[in-house]
Amino acid sequence: MTQKIRVGIIGCGGISWGHCERLLATGKAEIVAGTEPIPSHFDRIKHFMNEGAPCFATHQEMLADMELDAAVISSPHDVHYEQILACMEKDLHILCEKPMVCTVDHAKDVCARVNASDKVFAVSYQRHYESQFRYIKDAIAKGDIGKVQFVSALQAQDWYESQKGLWRQEMARSCGGQLNDSGSHLVDIVLWITGLSAKSVFSKVEFFDREVDINSSTTIEFDNGALGSLSIIGRTPMSFNEDISIMGSEGSFLMRPGHPLRHWDSKGKEFTIGTREMPKHSNPDEAFINAIFDGIPVLTPAECGLRVIELTENIWKSGETGQLVKIS
């Protein structure tokens, strides 16, 4: 392939700005159209687009009128599934923001359709392309810390106040709260770097005065017998904080914001992992375009979206019932 990938942007809100910037940075893509019901949102990214590129009110209009090779879906959560299917019907490559979809049934359907297609599909979980997370995943897969025995993951931000009155706190559009929004990244990366699946969960969920979950705390038993603690906190004065600890039978990792990655070996010796020792940093947009051009597999396939919503649904279920939930 020698010509540039013609990309249409579905949803021109805040997150689309970064997608446009990263797509153009590849030198292999051009943004030829967008869809956005609020015209002022389109104005934010218009300078990234080809001169005269149109903005449509709906994705149906754009898909009917434009010749596209690919689409980036960065719309509210509730319409992702509908828009994914519409883009698949047009035989497009697709990069979809998180959460991929909002139910396990929809996720399974998307995975089946992707597996039957020759088009690239990726979920925009950027941590898969960040050096520290790739280093940890590779080390765990090689057995550098032995058997994973315990995982602790905490995310905290002022989501309660910052999203007040916005669609992310409307159940009909977000399909869930902090757990299904920023928390989706933490759920995903814990599953991805460890390679584990949850066997059971016990959760407590706090809504405060909102219709979606704000705080949640979950105890997890993984399929290898490891235990885990997953806390997604949306009501705190912190702007953002994320801590991850992984304890293995022969070593451990600690990730703390603003600090280098810390690694202990089986003898208790501590190492600080520098950037030169880590895999190259990338991003979902660059990987998406390279997959189209060069056939390099993406690190964020549809199965990641399925694994995340499966665990998320069971956390909600446990929080609602107050019972331990076993995951088949």
# chains A, B, ... in the order shown; residues from 1 in each chain; ligands from 1
$ residues_around --residues "His47 in chain A" --least-positions-apart "2" --cutoff "12 Å" --atoms "only C-alpha atoms" --output "PyMOL selection string"
chain A and resi 17+20-21+24+30-33+42-45+49-53
$ write_last_selection --atoms "C-alpha atoms" --output "PDB file, in the first residue's frame"
ATOM      1  CA  TRP A  17      -7.930  15.665  19.184  1.00  0.00           C
ATOM      2  CA  CYS A  20      -5.995  13.121  14.939  1.00  0.00           C
ATOM      3  CA  GLU A  21      -2.578  14.338  16.045  1.00  0.00           C
ATOM      4  CA  LEU A  24      -1.131  12.457  11.105  1.00  0.00           C
ATOM      5  CA  GLU A  30      -5.203  11.575   6.224  1.00  0.00           C
ATOM      6  CA  ILE A  31      -8.403  12.632   7.945  1.00  0.00           C
ATOM      7  CA  VAL A  32     -11.057  13.171   5.312  1.00  0.00           C
ATOM      8  CA  ALA A  33     -14.303  13.509   7.294  1.00  0.00           C
ATOM      9  CA  PHE A  42     -15.868  19.614  15.079  1.00  0.00           C
ATOM     10  CA  ASP A  43     -14.176  23.036  15.064  1.00  0.00           C
ATOM     11  CA  ARG A  44     -11.639  21.722  17.612  1.00  0.00           C
ATOM     12  CA  ILE A  45     -10.152  19.222  15.158  1.00  0.00           C
ATOM     13  CA  MET A  49      -8.369  17.490   8.423  1.00  0.00           C
ATOM     14  CA  ASN A  50      -7.920  17.781   4.703  1.00  0.00           C
ATOM     15  CA  GLU A  51      -8.984  21.156   3.380  1.00  0.00           C
ATOM     16  CA  GLY A  52     -12.744  21.191   2.891  1.00  0.00           C
ATOM     17  CA  ALA A  53     -13.272  17.922   4.763  1.00  0.00           C
TER      18      ALA A  53
END
$ closest_residue --among "A:Gly14, A:Gly251, A:Gly268, A:Pro99" --to "Thr300 in chain A" --atoms "only C-alpha atoms"
A:Pro99
$ closest_residue --among "A:Ala141, A:Val298, A:Val205, A:Val212" --to "Arg168 in chain A" --atoms "only C-alpha atoms"
A:Val212
$ residues_around --residues "Gln323 in chain A" --least-positions-apart "3" --cutoff "9 Å" --atoms "only C-alpha atoms" --output "ChimeraX atom specification"
/A:201-203,317-320
$ write_last_selection --atoms "all heavy atoms" --output "PDB file, in the first residue's frame"
ATOM      1  N   VAL A 201     -15.174 -12.706  41.964  1.00  0.00           N
ATOM      2  CA  VAL A 201     -15.018 -11.346  42.467  1.00  0.00           C
ATOM      3  C   VAL A 201     -16.002 -11.091  43.599  1.00  0.00           C
ATOM      4  O   VAL A 201     -17.105 -11.647  43.642  1.00  0.00           O
ATOM      5  CB  VAL A 201     -15.250 -10.282  41.363  1.00  0.00           C
ATOM      6  CG1 VAL A 201     -14.215 -10.415  40.258  1.00  0.00           C
ATOM      7  CG2 VAL A 201     -16.655 -10.383  40.772  1.00  0.00           C
ATOM      8  N   PHE A 202     -15.582 -10.243  44.532  1.00  0.00           N
ATOM      9  CA  PHE A 202     -16.473  -9.738  45.567  1.00  0.00           C
ATOM     10  C   PHE A 202     -16.259  -8.239  45.634  1.00  0.00           C
ATOM     11  O   PHE A 202     -15.138  -7.774  45.864  1.00  0.00           O
ATOM     12  CB  PHE A 202     -16.193 -10.367  46.928  1.00  0.00           C
ATOM     13  CG  PHE A 202     -17.107  -9.848  48.000  1.00  0.00           C
ATOM     14  CD1 PHE A 202     -18.427 -10.274  48.081  1.00  0.00           C
ATOM     15  CD2 PHE A 202     -16.656  -8.904  48.912  1.00  0.00           C
ATOM     16  CE1 PHE A 202     -19.279  -9.779  49.060  1.00  0.00           C
ATOM     17  CE2 PHE A 202     -17.494  -8.408  49.901  1.00  0.00           C
ATOM     18  CZ  PHE A 202     -18.806  -8.843  49.969  1.00  0.00           C
ATOM     19  N   SER A 203     -17.328  -7.466  45.406  1.00  0.00           N
ATOM     20  CA  SER A 203     -17.195  -6.026  45.233  1.00  0.00           C
ATOM     21  C   SER A 203     -18.136  -5.230  46.121  1.00  0.00           C
ATOM     22  O   SER A 203     -19.243  -5.678  46.444  1.00  0.00           O
ATOM     23  CB  SER A 203     -17.486  -5.643  43.768  1.00  0.00           C
ATOM     24  OG  SER A 203     -16.653  -6.354  42.888  1.00  0.00           O
ATOM     25  N   LYS A 317     -22.290  -6.775  39.160  1.00  0.00           N
ATOM     26  CA  LYS A 317     -23.229  -7.773  39.686  1.00  0.00           C
ATOM     27  C   LYS A 317     -22.958  -8.039  41.162  1.00  0.00           C
ATOM     28  O   LYS A 317     -23.894  -8.101  41.982  1.00  0.00           O
ATOM     29  CB  LYS A 317     -23.122  -9.069  38.882  1.00  0.00           C
ATOM     30  CG  LYS A 317     -24.087 -10.159  39.329  1.00  0.00           C
ATOM     31  CD  LYS A 317     -23.943 -11.404  38.455  1.00  0.00           C
ATOM     32  CE  LYS A 317     -24.894 -12.505  38.909  1.00  0.00           C
ATOM     33  NZ  LYS A 317     -24.732 -13.731  38.065  1.00  0.00           N
ATOM     34  N   SER A 318     -21.691  -8.200  41.536  1.00  0.00           N
ATOM     35  CA  SER A 318     -21.355  -8.435  42.929  1.00  0.00           C
ATOM     36  C   SER A 318     -21.706  -7.226  43.783  1.00  0.00           C
ATOM     37  O   SER A 318     -22.232  -7.373  44.898  1.00  0.00           O
ATOM     38  CB  SER A 318     -19.863  -8.760  43.061  1.00  0.00           C
ATOM     39  OG  SER A 318     -19.518  -8.967  44.418  1.00  0.00           O
ATOM     40  N   GLY A 319     -21.435  -6.028  43.261  1.00  0.00           N
ATOM     41  CA  GLY A 319     -21.775  -4.821  44.003  1.00  0.00           C
ATOM     42  C   GLY A 319     -23.265  -4.675  44.233  1.00  0.00           C
ATOM     43  O   GLY A 319     -23.705  -4.205  45.293  1.00  0.00           O
ATOM     44  N   GLU A 320     -24.055  -5.101  43.259  1.00  0.00           N
ATOM     45  CA  GLU A 320     -25.515  -4.996  43.366  1.00  0.00           C
ATOM     46  C   GLU A 320     -26.080  -6.038  44.329  1.00  0.00           C
ATOM     47  O   GLU A 320     -26.980  -5.737  45.118  1.00  0.00           O
ATOM     48  CB  GLU A 320     -26.142  -5.175  41.980  1.00  0.00           C
ATOM     49  CG  GLU A 320     -27.657  -5.079  41.977  1.00  0.00           C
ATOM     50  CD  GLU A 320     -28.255  -5.264  40.586  1.00  0.00           C
ATOM     51  OE1 GLU A 320     -27.486  -5.433  39.618  1.00  0.00           O
ATOM     52  OE2 GLU A 320     -29.486  -5.231  40.482  1.00  0.00           O
TER      53      GLU A 320
END
$ select_by_dssp --residues "range 3-188 of chain A" --states "strand (DSSP E or B)" --output "number ranges by chain"
A: 5-10, 29-35, 55-56, 70-73, 93-96, 121-123, 148-156
$ residues_around --residues "Leu95 in chain A" --least-positions-apart "5" --cutoff "6 Å" --atoms "only C-alpha atoms" --output "list of chain:residue names"
A:Val72, A:Phe121, A:Ala122, A:Val123
$ residues_around --residues "Pro76 in chain A" --least-positions-apart "6" --cutoff "9 Å" --atoms "only C-alpha atoms" --output "list in words"
Gly11, Trp167, Arg168, Arg173 and Ser174 of chain A
$ closest_residue --among "A:Tyr160, A:Ser184, A:His128, A:Leu196" --to "Phe208 in chain A" --atoms "only C-alpha atoms"
A:Tyr160
$ residues_around --residues "range 279-292 of chain A" --least-positions-apart "3" --cutoff "6 Å" --atoms "only C-alpha atoms" --output "ChimeraX atom specification"
/A:23,124,126,129-131,295-297
$ residues_around --residues "Ser197 in chain A" --least-positions-apart "3" --cutoff "8 Å" --atoms "only C-alpha atoms" --output "ChimeraX atom specification"
/A:191,222-223
$ select_by_dssp --residues "range 117-229 of chain A" --states "alpha helix (DSSP H)" --output "PyMOL selection string"
chain A and resi 131-142+159-162+171-174+182-194
